[in-house]
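Asker: This is the content of data.pdb (PDB, C-alpha atoms):
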ATOM      1  CA  MET A   1      46.809  34.288 -28.521
ATOM      2  CA  PRO A   2      50.065  36.298 -28.302
ATOM      3  CA  ASN A   3      50.348  39.503 -30.325
ATOM      4  CA  PRO A   4      52.534  39.521 -33.481
ATOM      5  CA  GLY A   5      56.137  39.808 -32.447
ATOM      6  CA  ASP A   6      55.620  38.163 -29.054
ATOM      7  CA  VAL A   7      58.057  35.335 -28.361
ATOM      8  CA  PRO A   8      56.819  32.344 -26.350
ATOM      9  CA  VAL A   9      58.944  31.679 -23.309
ATOM     10  CA  SER A  10      59.733  28.489 -21.474
ATOM     11  CA  ILE A  11      59.799  28.238 -17.702
ATOM     12  CA  GLY A  12      63.601  28.236 -17.838
ATOM     13  CA  SER A  13      63.841  31.451 -19.849
ATOM     14  CA  PHE A  14      61.295  33.023 -17.493
ATOM     15  CA  ILE A  15      63.572  32.226 -14.526
ATOM     16  CA  ARG A  16      66.627  33.628 -16.317
ATOM     17  CA  TYR A  17      64.712  36.788 -17.178
ATOM     18  CA  THR A  18      63.644  37.161 -13.544
ATOM     19  CA  ARG A  19      67.239  36.884 -12.320
ATOM     20  CA  TYR A  20      68.296  39.553 -14.824
ATOM     21  CA  ALA A  21      65.435  41.820 -13.717
ATOM     22  CA  VAL A  22      66.426  41.409 -10.078
ATOM     23  CA  ALA A  23      70.007  42.393 -10.899
ATOM     24  CA  VAL A  24      68.853  45.515 -12.756
ATOM     25  CA  CYS A  25      66.550  46.451  -9.900
ATOM     26  CA  SER A  26      69.433  46.099  -7.456
ATOM     27  CA  VAL A  27      71.418  48.678  -9.417
ATOM     28  CA  LEU A  28      68.449  51.016  -9.571
ATOM     29  CA  ILE A  29      67.956  50.807  -5.813
ATOM     30  CA  PHE A  30      71.363  52.357  -5.239
ATOM     31  CA  ALA A  31      70.940  54.859  -8.110
ATOM     32  CA  CYS A  32      67.584  56.252  -6.995
ATOM     33  CA  ASP A  33      66.303  57.764  -3.773
ATOM     34  CA  GLU A  34      63.143  55.632  -3.963
ATOM     35  CA  SER A  35      63.141  51.945  -4.835
ATOM     36  CA  LEU A  36      60.416  49.885  -6.443
ATOM     37  CA  PRO A  37      58.955  46.943  -4.499
ATOM     38  CA  PRO A  38      60.717  43.674  -5.408
ATOM     39  CA  TYR A  39      59.124  41.585  -8.137
ATOM     40  CA  ASP A  40      57.736  38.354  -6.724
ATOM     41  CA  PRO A  41      57.339  35.815  -9.566
ATOM     42  CA  PRO A  42      54.727  33.059  -9.197
ATOM     43  CA  GLN A  43      56.000  29.842  -7.623
ATOM     44  CA  ASN A  44      54.216  27.876 -10.335
ATOM     45  CA  PRO A  45      52.598  29.551 -13.350
ATOM     46  CA  LEU A  46      50.280  26.550 -13.762
ATOM     47  CA  ARG A  47      47.209  25.393 -11.833
ATOM     48  CA  ALA A  48      45.627  21.934 -12.051
ATOM     49  CA  GLU A  49      42.033  20.844 -11.462
ATOM     50  CA  LEU A  50      40.529  17.343 -11.332
ATOM     51  CA  GLY A  51      36.929  16.740 -12.372
ATOM     52  CA  VAL A  52      34.592  14.803 -14.644
ATOM     53  CA  ALA A  53      33.901  15.965 -18.175
ATOM     54  CA  ASP A  54      30.107  15.719 -17.826
ATOM     55  CA  GLY A  55      30.071  17.435 -14.413
ATOM     56  CA  LEU A  56      28.128  14.618 -12.678
ATOM     57  CA  ILE A  57      29.516  13.923  -9.203
ATOM     58  CA  ASP A  58      26.273  12.213  -8.084
ATOM     59  CA  ARG A  59      25.560   9.352 -10.470
ATOM     60  CA  GLN A  60      23.284   6.339 -10.878
ATOM     61  CA  VAL A  61      24.387   3.284 -12.849
ATOM     62  CA  ILE A  62      21.422   1.091 -13.824
ATOM     63  CA  CYS A  63      20.990  -2.162 -15.720
ATOM     64  CA  THR A  64      17.826  -4.253 -15.289
ATOM     65  CA  ALA A  65      15.745  -6.572 -17.489
ATOM     66  CA  GLY A  66      13.116  -3.855 -17.970
ATOM     67  CA  PHE A  67      15.602  -1.079 -18.584
ATOM     68  CA  LYS A  68      17.406  -1.855 -21.796
ATOM     69  CA  SER A  69      18.690   1.676 -22.323
ATOM     70  CA  TRP A  70      20.992   1.209 -19.361
ATOM     71  CA  ASN A  71      23.434   3.830 -18.164
ATOM     72  CA  LEU A  72      26.698   1.947 -17.868
ATOM     73  CA  SER A  73      28.965   4.350 -19.731
ATOM     74  CA  PRO A  74      32.438   4.976 -18.300
ATOM     75  CA  ILE A  75      33.101   7.884 -15.986
ATOM     76  CA  PRO A  76      35.038  10.558 -17.939
ATOM     77  CA  PHE A  77      37.660  11.866 -15.524
ATOM     78  CA  LYS A  78      39.493  14.977 -16.655
ATOM     79  CA  ILE A  79      42.617  16.811 -15.494
ATOM     80  CA  SER A  80      42.733  20.466 -16.537
ATOM     81  CA  ILE A  81      45.990  22.446 -16.446
ATOM     82  CA  ILE A  82      45.599  26.229 -16.650
ATOM     83  CA  ASN A  83      48.346  28.718 -17.528
ATOM     84  CA  THR A  84      47.874  31.465 -14.907
ATOM     85  CA  PHE A  85      51.021  33.325 -16.007
ATOM     86  CA  ASP A  86      50.880  36.378 -18.292
ATOM     87  CA  GLU A  87      53.295  34.879 -20.836
ATOM     88  CA  THR A  88      53.105  32.010 -23.322
ATOM     89  CA  LEU A  89      54.738  28.799 -22.064
ATOM     90  CA  GLN A  90      56.192  26.075 -24.278
ATOM     91  CA  GLY A  91      57.831  22.679 -23.895
ATOM     92  CA  PRO A  92      57.945  19.152 -25.344
ATOM     93  CA  ALA A  93      54.512  17.532 -25.268
ATOM     94  CA  ASN A  94      56.024  14.107 -24.588
ATOM     95  CA  SER A  95      57.536  15.429 -21.342
ATOM     96  CA  VAL A  96      54.093  15.650 -19.719
ATOM     97  CA  SER A  97      53.866  12.837 -17.159
ATOM     98  CA  GLY A  98      51.971  11.767 -14.047
ATOM     99  CA  LYS A  99      49.154   9.494 -12.947
ATOM    100  CA  LEU A 100      45.496   9.355 -11.963
ATOM    101  CA  GLU A 101      44.392   7.034  -9.129
ATOM    102  CA  VAL A 102      40.751   5.933  -8.736
ATOM    103  CA  TRP A 103      39.512   3.752  -5.856
ATOM    104  CA  LYS A 104      36.442   2.770  -3.809
ATOM    105  CA  LYS A 105      36.503   4.990  -0.726
ATOM    106  CA  ASP A 106      35.545   2.343   1.839
ATOM    107  CA  SER A 107      37.499  -0.438   0.076
ATOM    108  CA  PRO A 108      40.734   1.186  -1.169
ATOM    109  CA  GLU A 109      42.093  -2.177  -2.297
ATOM    110  CA  PHE A 110      39.633  -1.894  -5.212
ATOM    111  CA  GLY A 111      41.145   0.688  -7.506
ATOM    112  CA  LYS A 112      42.861   1.514 -10.759
ATOM    113  CA  ILE A 113      45.853   3.638 -11.767
ATOM    114  CA  PHE A 114      46.081   5.475 -15.096
ATOM    115  CA  SER A 115      49.465   6.672 -16.356
ATOM    116  CA  ILE A 116      49.927  10.057 -18.022
ATOM    117  CA  LEU A 117      52.401   9.780 -20.881
ATOM    118  CA  GLY A 118      52.511  12.943 -22.949
ATOM    119  CA  ALA A 119      49.873  15.442 -24.057
ATOM    120  CA  VAL A 120      47.772  15.040 -27.213
ATOM    121  CA  ASP A 121      45.345  17.965 -26.967
ATOM    122  CA  PRO A 122      45.177  19.150 -30.629
ATOM    123  CA  ARG A 123      44.309  22.685 -29.528
ATOM    124  CA  HIS A 124      47.721  23.160 -27.930
ATOM    125  CA  VAL A 125      50.086  20.540 -29.376
ATOM    126  CA  ARG A 126      51.844  20.923 -32.738
ATOM    127  CA  ASN A 127      54.842  18.826 -33.831
ATOM    128  CA  ASN A 128      55.286  17.574 -30.264
ATOM    129  CA  ILE A 129      55.467  21.129 -28.897
ATOM    130  CA  LEU A 130      52.989  22.038 -26.170
ATOM    131  CA  THR A 131      52.072  25.738 -26.236
ATOM    132  CA  LEU A 132      49.947  27.343 -23.527
ATOM    133  CA  ASP A 133      49.053  30.998 -23.990
ATOM    134  CA  PRO A 134      47.953  33.042 -20.953
ATOM    135  CA  GLY A 135      44.646  31.612 -19.702
ATOM    136  CA  ASP A 136      44.841  28.491 -21.898
ATOM    137  CA  THR A 137      43.705  25.137 -20.509
ATOM    138  CA  LEU A 138      45.246  21.775 -21.363
ATOM    139  CA  ASP A 139      42.786  18.886 -20.832
ATOM    140  CA  ILE A 140      43.854  15.276 -20.271
ATOM    141  CA  GLY A 141      41.022  12.741 -20.167
ATOM    142  CA  PHE A 142      40.555   9.201 -18.835
ATOM    143  CA  SER A 143      37.644   6.759 -19.123
ATOM    144  CA  TRP A 144      37.044   4.615 -16.025
ATOM    145  CA  TYR A 145      34.895   1.551 -16.738
ATOM    146  CA  HIS A 146      34.013   0.836 -13.096
ATOM    147  CA  ASP A 147      36.858  -1.686 -12.885
ATOM    148  CA  ASP A 148      40.079  -2.340 -10.982
ATOM    149  CA  GLU A 149      43.631  -3.352 -11.905
ATOM    150  CA  GLN A 150      42.399  -6.933 -12.492
ATOM    151  CA  ASN A 151      39.711  -5.623 -14.894
ATOM    152  CA  ARG A 152      36.936  -6.732 -12.502
ATOM    153  CA  ARG A 153      33.719  -4.734 -12.652
ATOM    154  CA  ILE A 154      32.877  -3.226  -9.286
ATOM    155  CA  TRP A 155      29.478  -4.975  -9.127
ATOM    156  CA  LYS A 156      31.155  -8.350  -9.681
ATOM    157  CA  VAL A 157      33.057  -7.774  -6.427
ATOM    158  CA  PHE A 158      30.511  -5.983  -4.225
ATOM    159  CA  GLY A 159      27.165  -7.118  -5.652
ATOM    160  CA  GLY A 160      24.697  -5.459  -7.995
ATOM    161  CA  HIS A 161      22.858  -3.151  -5.600
ATOM    162  CA  PHE A 162      24.788  -0.741  -3.402
ATOM    163  CA  PHE A 163      25.710   2.894  -2.865
ATOM    164  CA  THR A 164      29.340   3.976  -2.650
ATOM    165  CA  SER A 165      31.799   6.832  -3.008
ATOM    166  CA  ILE A 166      34.634   6.805  -5.521
ATOM    167  CA  GLN A 167      37.769   8.809  -4.760
ATOM    168  CA  ALA A 168      40.236  10.129  -7.319
ATOM    169  CA  ARG A 169      43.534  11.964  -7.074
ATOM    170  CA  ALA A 170      46.173  12.986  -9.565
ATOM    171  CA  ARG A 171      49.714  14.229  -9.875
ATOM    172  CA  ILE A 172      51.123  15.712 -13.056
ATOM    173  CA  LYS A 173      54.281  17.396 -14.300
ATOM    174  CA  VAL A 174      53.818  19.507 -17.414
ATOM    175  CA  PHE A 175      57.116  21.302 -18.018
ATOM    176  CA  LYS A 176      60.530  20.008 -16.967
ATOM    177  CA  GLU A 177      61.421  23.256 -15.177
ATOM    178  CA  ALA A 178      58.079  23.594 -13.369
ATOM    179  CA  PRO A 179      57.090  21.898 -10.081
ATOM    180  CA  GLU A 180      54.764  18.899 -10.044
ATOM    181  CA  LEU A 181      51.052  19.687  -9.734
ATOM    182  CA  PHE A 182      48.669  18.081  -7.217
ATOM    183  CA  PRO A 183      45.036  19.101  -7.863
ATOM    184  CA  PRO A 184      42.518  18.702  -5.013
ATOM    185  CA  GLU A 185      41.111  15.185  -4.676
ATOM    186  CA  LEU A 186      37.697  14.418  -6.148
ATOM    187  CA  GLU A 187      34.856  12.365  -4.664
ATOM    188  CA  ILE A 188      31.994  10.936  -6.726
ATOM    189  CA  LYS A 189      28.893   9.309  -5.210
ATOM    190  CA  ILE A 190      27.414   6.419  -7.202
ATOM    191  CA  LYS A 191      24.301   4.287  -6.732
ATOM    192  CA  TYR A 192      24.603   0.940  -8.532
ATOM    193  CA  ASP A 193      21.477  -0.974  -9.514
ATOM    194  CA  ILE A 194      22.679  -3.913 -11.598
ATOM    195  CA  ASP A 195      20.558  -7.039 -12.163
ATOM    196  CA  LEU A 196      23.267  -9.702 -12.383
ATOM    197  CA  SER A 197      20.670 -12.344 -13.334
ATOM    198  CA  THR A 198      20.208 -10.619 -16.695
ATOM    199  CA  SER A 199      22.830 -11.550 -19.284
ATOM    200  CA  ILE A 200      23.186  -8.052 -20.710
ATOM    201  CA  CYS A 201      23.965  -6.722 -17.223
ATOM    202  CA  ASN A 202      26.249  -9.553 -16.122
ATOM    203  CA  GLN A 203      29.399  -8.191 -17.770
TER     204      GLN A 203
END
Show me this structure written as structure tokens.
Answerer:
Amino acid sequence: MPNPGDVPVSIGSFIRYTRYAVAVCSVLIFACDESLPPYDPPQNPLRAELGVADGLIDRQVICTAGFKSWNLSPIPFKISIINTFDETLQGPANSVSGKLEVWKKDSPEFGKIFSILGAVDPRHVRNNILTLDPGDTLDIGFSWYHDDEQNRRIWKVFGGHFFTSIQARARIKVFKEAPELFPPELEIKIKYDIDLSTSICNQ
């Protein structure tokens, strides 16, 4: 958390401050025999990562007549945005936008797109203001229920017993003045074992 008296800065005020600092440094270069190295501000004070909340990138989804405690829970995708700058950053929470795309690697026509419309993380959002202190992480989560844009379960399309890879990618813009973020793509390997002859599994 910032120390008492610290004033959170937006990306825009950071850029204005940098321009002012460059101008002052230019004067000092001519006033002194030795000049300081130029200040090189970060291109983007934010970093984004794409993962799953439970950390499982190798999964097994099972539903059979003899296995009632079946593991068919949704996959909890998560985008994490980290403030790597040494100042507090602020902006409207409803300005956060982007999307998450999930698809079957060998059948990309089977996929789903999630829209990102604002940030609701209670740790960092108050009165629609998003505040990220140095080192803070904003998490945005999505639950994928193994379905596509037509709400078809993947085993209804490809059968109940198969092994596949699921790809995911995201793009997100957090602050209006900051560039869009593109975290590295994620791949999850899943083995499906679904007995479609059993009513509880045939969903």
Asker: Please evaluate the PyMOL selection byres ((chain A and resi 129) around 8) against the structure above and give the resulting residues as a PDB file with C-alpha atoms, in the coordinates of the input.
Answerer:
ATOM      1  CA  GLN A  90      56.192  26.075 -24.278  1.00  0.00           C
ATOM      2  CA  GLY A  91      57.831  22.679 -23.895  1.00  0.00           C
ATOM      3  CA  PRO A  92      57.945  19.152 -25.344  1.00  0.00           C
ATOM      4  CA  ALA A  93      54.512  17.532 -25.268  1.00  0.00           C
ATOM      5  CA  VAL A 125      50.086  20.540 -29.376  1.00  0.00           C
ATOM      6  CA  ARG A 126      51.844  20.923 -32.738  1.00  0.00           C
ATOM      7  CA  ASN A 127      54.842  18.826 -33.831  1.00  0.00           C
ATOM      8  CA  ASN A 128      55.286  17.574 -30.264  1.00  0.00           C
ATOM      9  CA  LEU A 130      52.989  22.038 -26.170  1.00  0.00           C
ATOM     10  CA  THR A 131      52.072  25.738 -26.236  1.00  0.00           C
TER      11      THR A 131
END
Asker: Which residue gives the smallest distance to A:Gly160 among A:Glu49, A:Glu180, A:Glu185, A:Asp195, with only C-alpha atoms counted?
Answerer: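 With only C-alpha atoms as the atom set, the closest residue is A:Asp195.
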Asker: A:Phe85, A:Phe77, A:Phe110, A:Trp103: which is nearest A:Gln167, counting all atoms listed in the file?
Answerer: A:Trp103
Asker: Work out where the centre of an axis-aligned box around every listed atom of stretch 81-84 of chain A lies and how long its edges are once 6 Å is added on each side; give both in Å to one decimal as AutoDock Vina command-line options.
Answerer:
--center_x 47.0 --center_y 27.0 --center_z -16.2 --size_x 14.7 --size_y 21.0 --size_z 14.6
Asker: Selection in question (the file shown): the PyMOL selection byres ((chain A and resi 56-60) around 7). Which residues does it include, as a compact mmCIF listing (two decimals) with C-alpha atoms, in the frame of the given file?
Answerer:
# COMPACT_ATOMS: atom_id res chain seq x y z
CA VAL A 52 34.59 14.80 -14.64
CA ASP A 54 30.11 15.72 -17.83
CA GLY A 55 30.07 17.43 -14.41
CA VAL A 61 24.39 3.28 -12.85
CA ILE A 62 21.42 1.09 -13.82
CA ILE A 188 31.99 10.94 -6.73
CA LYS A 189 28.89 9.31 -5.21
CA ILE A 190 27.41 6.42 -7.20
CA LYS A 191 24.30 4.29 -6.73
CA TYR A 192 24.60 0.94 -8.53
Asker: Which residue gives the smallest distance to A:Ile116 among A:Trp144, A:Ile172, A:Gly159, A:Glu177, with only C-alpha atoms counted?
Answerer: A:Ile172
Asker: Residues of stretch 43-137 of chain A that approach stretch 147-156 of chain A to 12 Å or less, counting all atoms listed in the file: could you list each one with the shortest pair of atoms and its distance in Å to one decimal, rows by chain and increasing residue number, as a Markdown table?
Answerer:
| residue | atom | partner | partner_atom | distance |
| --- | --- | --- | --- | --- |
| A:Val61 | CA | A:Trp155 | CA | 10.4 |
| A:Ile62 | CA | A:Trp155 | CA | 11.1 |
| A:Cys63 | CA | A:Trp155 | CA | 11.1 |
| A:Leu72 | CA | A:Arg153 | CA | 11.0 |
| A:Pro74 | CA | A:Asp147 | CA | 9.7 |
| A:Ile75 | CA | A:Asp147 | CA | 10.7 |
| A:Glu101 | CA | A:Asp148 | CA | 10.5 |
| A:Val102 | CA | A:Asp148 | CA | 8.6 |
| A:Trp103 | CA | A:Asp148 | CA | 8.0 |
| A:Lys104 | CA | A:Ile154 | CA | 8.9 |
| A:Ser107 | CA | A:Ile154 | CA | 10.8 |
| A:Pro108 | CA | A:Asp148 | CA | 10.4 |
| A:Glu109 | CA | A:Asp148 | CA | 8.9 |
| A:Phe110 | CA | A:Asp148 | CA | 5.8 |
| A:Gly111 | CA | A:Asp148 | CA | 4.7 |
| A:Lys112 | CA | A:Asp148 | CA | 4.8 |
| A:Ile113 | CA | A:Glu149 | CA | 7.3 |
| A:Phe114 | CA | A:Glu149 | CA | 9.7 |
Asker: Compare A:Ala65, A:Val174, A:Leu117, A:Ala168 by their minimum atom-to-atom distance to A:Asn83, counting all atoms listed in the file, and give me the closest one.
Answerer: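 The closest residue to A:Asn83 is A:Val174.
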Asker: Just how far from atom CA of A:His146 is atom CA of A:Ala48, in Å to one decimal?
Answerer: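 Taking atom CA of A:Ala48 as the start and atom CA of A:His146 as the end point, the length is 24.1 Å.
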Asker: As a check of understanding, name the residues that the PyMOL selection byres ((chain A and resi 82) around 7) selects in the supplied structure, as a compact mmCIF listing (two decimals) with C-alpha atoms, in the coordinates of the input.
Answerer:
# COMPACT_ATOMS: atom_id res chain seq x y z
CA LEU A 46 50.28 26.55 -13.76
CA ARG A 47 47.21 25.39 -11.83
CA ALA A 48 45.63 21.93 -12.05
CA SER A 80 42.73 20.47 -16.54
CA ILE A 81 45.99 22.45 -16.45
CA ASN A 83 48.35 28.72 -17.53
CA THR A 84 47.87 31.46 -14.91
CA GLY A 135 44.65 31.61 -19.70
CA ASP A 136 44.84 28.49 -21.90
CA THR A 137 43.70 25.14 -20.51
CA LEU A 138 45.25 21.78 -21.36
Asker: Mind giving me the straight-line distance from atom CA of A:His161 to atom CA of A:Leu196 in Å, one decimal?
Answerer: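 Straight-line distance from atom CA of A:His161 to atom CA of A:Leu196 works out to 9.4 Å.
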Asker: Ranking A:Val120, A:Leu186, A:Ile194, A:Ile200 by minimum distance to A:Leu50 and counting all atoms listed in the file, which one comes first?
Answerer: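 The shortest atom-to-atom distance to A:Leu50 comes from A:Leu186.
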Asker: Distance atom CA of A:Lys173-atom CA of A:Tyr145, one decimal place?
Answerer: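 The value is 25.2 Å.
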